[in-house]
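Report on one structure; see the data block that follows.
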Amino acid sequence: MNKAILGKKLGMTQVFSPKGIVVPVTVVEVTPNVVVQIKNEEKDGYNALVVAYGETKEKLVNKPMAGVFKKANVPAKRIVKEFRLDDTSAYSVGQEIKCDIFADGDKVDAIAISKGHGYTGIIYRWNMNHQDNTHGGYKIHRHQSLGGTSGTARVFKGKKMAGRYGGTQVTVQNLEVVRVDGERNLILVKGAIPGPRNGMVFLRNAIKA
């Protein structure tokens, strides 16, 4: 990974390409990320940046992170994330990483926590079919058959069943950066990005581009 940044998903809109084609985009607000710690192969065994994002109160930060912020002379931040980079020599503690590290036309991977839907059944969660909604017969139109009631007498591992749906980390690869607005700290990414509005988004250069 060569470059990455944290941002906040504002929502979706559409823009026009130079050819007049409507392009759906997700707007990501990227206020500057601050480098609070640099890790290297000699001391830590790998190269990485520890960056902080979003304002918060000092009393909401635990003591270890408060010490990191104090050492870096950086105000307390809400989100802290580690970026494993191939080379960190171009960065220093206290440096700000802004949205202009990406340019129009770049390919990025977007990583975010998907929307949580709570506990759902098999039809909503796995898009399974239900029984005919006709009169008569068994009235268990949305129920699931577990199978294996005689010979195996067990539920096979990995069987799709009802359960908690969403709220997991999702990565969408090879999205195109349509526009970078440095004045308003915005990155417009073509297509949809997981997560709700105001959710955190991690953008990195595409690893399979």
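Chain lettering (A, B, ...) mirrors the order of the structure tokens, residue numbering begins at 1 for each chain separately, and ligand numbering begins at 1 in order of display.
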
For Arg78 (chain A): contacts at 6 Å, only C-alpha atoms, fewer than 5 positions along chain excluded, given as a list in words: Gly54, Glu55 and Thr56 of chain A

For the residues in the current selection, export N, CA and C atoms as a CSV table (one decimal), in the first residue's frame.
chain,number,residue,atom,x,y,z
A,54,GLY,N,-10.6,13.3,13.4
A,54,GLY,CA,-11.9,13.7,14.1
A,54,GLY,C,-11.6,14.3,15.4
A,55,GLU,N,-12.2,15.4,15.7
A,55,GLU,CA,-12.0,16.0,17.0
A,55,GLU,C,-12.8,15.3,18.1
A,56,THR,N,-12.3,15.4,19.3
A,56,THR,CA,-12.9,14.8,20.5
A,56,THR,C,-12.4,15.5,21.8

Residues of region 1-34 of chain A in strand (DSSP E or B), written as an MDAnalysis selection string: chainID A and resid 4:16 22:29 33:34

Met128 (chain A) environment, 12 Å, only C-alpha atoms, sequence neighbours closer than 6 positions dropped, as an NGL selection string: :A and (121-122 or 141-145 or 160-162)

Mind dumping the selected residues with C-alpha atoms as a PDB file, in the first residue's frame?
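Saved the output as part-v9.pdb:
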ATOM      1  CA  GLY A 121     -34.733 -14.159   8.753  1.00  0.00           C
ATOM      2  CA  ILE A 122     -33.408 -16.221   5.885  1.00  0.00           C
ATOM      3  CA  HIS A 141     -44.402 -19.802   4.511  1.00  0.00           C
ATOM      4  CA  ARG A 142     -41.217 -18.126   5.788  1.00  0.00           C
ATOM      5  CA  HIS A 143     -39.826 -20.959   7.907  1.00  0.00           C
ATOM      6  CA  GLN A 144     -36.618 -22.819   7.195  1.00  0.00           C
ATOM      7  CA  SER A 145     -35.942 -26.539   6.921  1.00  0.00           C
ATOM      8  CA  LYS A 160     -27.328 -20.266   5.818  1.00  0.00           C
ATOM      9  CA  MET A 161     -29.705 -19.466   8.652  1.00  0.00           C
ATOM     10  CA  ALA A 162     -31.390 -16.519  10.319  1.00  0.00           C
TER      11      ALA A 162
END

Straight-line distance linking CA of Lys63 (chain A) with CA of Lys77 (chain A), stated in Å to one decimal: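 According to the coordinates, CA of Lys63 (chain A) and CA of Lys77 (chain A) are separated by 13.0 Å.
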
Alpha helix (DSSP H) positions in region 89-205 of chain A, given as a PyMOL selection string: chain A and resi 122-126

Residue neighbourhood Thr88 (chain A), 8 Å, only C-alpha atoms, exclusion window fewer than 6 positions, as a list in words: Ile38, Asn40, Asn47, Ala48 and Leu49 of chain A

Pairwise distance for CA of Gly191 (chain A) and CA of Ile79 (chain A), rounded to one decimal in Å: 25.2 Å

Considering only C-alpha atoms, tabulate each residue of region 65-166 of chain A that lies at most 12 Å from region 16-29 of chain A along with its nearest interatomic pair and the corresponding distance in Å to one decimal; arrange the rows by chain and ascending residue number and present them as a Markdown table.
| residue | atom | partner | partner_atom | distance |
| --- | --- | --- | --- | --- |
| A:Lys98 | CA | A:Glu29 | CA | 10.6 |
| A:Cys99 | CA | A:Glu29 | CA | 8.7 |
| A:Asp104 | CA | A:Ser17 | CA | 11.8 |
| A:Gly105 | CA | A:Ser17 | CA | 11.8 |
| A:Ala110 | CA | A:Val28 | CA | 10.4 |
| A:Ala112 | CA | A:Val28 | CA | 11.8 |

All residues 8 Å or closer to Val180 (chain A), only C-alpha atoms, same chain fewer than 6 positions away omitted, as a PyMOL selection string: chain A and resi 99-100+102-104+186-188

Using only C-alpha atoms, please write the residues we just selected to a file, as a PDB file, in the first residue's frame.
ATOM      1  CA  CYS A  99      -7.243  14.616   0.249  1.00  0.00           C
ATOM      2  CA  ASP A 100      -4.860  15.805  -2.467  1.00  0.00           C
ATOM      3  CA  PHE A 102      -5.344  11.227  -4.515  1.00  0.00           C
ATOM      4  CA  ALA A 103      -6.009  12.641  -7.963  1.00  0.00           C
ATOM      5  CA  ASP A 104      -8.785  12.421 -10.517  1.00  0.00           C
ATOM      6  CA  LEU A 186     -13.981  16.265  -0.539  1.00  0.00           C
ATOM      7  CA  ILE A 187     -13.277  13.168  -2.591  1.00  0.00           C
ATOM      8  CA  LEU A 188     -15.942  12.041  -5.063  1.00  0.00           C
TER       9      LEU A 188
END

Atom pair CA of Asp181 (chain A) / CA of Gln37 (chain A): separation (Å): 27.2 Å

Contacts of Val108 (chain A) within 9 Å, only C-alpha atoms, excl. fewer than 2 positions in-chain, as an MDAnalysis selection string: chainID A and resid 4 102 106 110 172:177 189 203:207 209

Using only C-alpha atoms: which of A:Gly158, A:Gly151, A:Gly167, A:Pro32 has the shortest distance to Pro196 (chain A): A:Gly167

Neighbour list for Tyr46 (chain A) as a list in words, cut-off 10 Å, only C-alpha atoms, skip fewer than 5 positions in-chain: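 The filter keeps Lys39, Asn40, Glu41, Arg84, Leu85, Asp86 and Asp87 of chain A.
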
Pick from A:Gly195, A:Tyr53, A:Val35, A:Lys43 nearest to Asn73 (chain A), counting only C-alpha atoms: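 Checking each candidate against Asn73 (chain A), we get A:Val35 as the closest.
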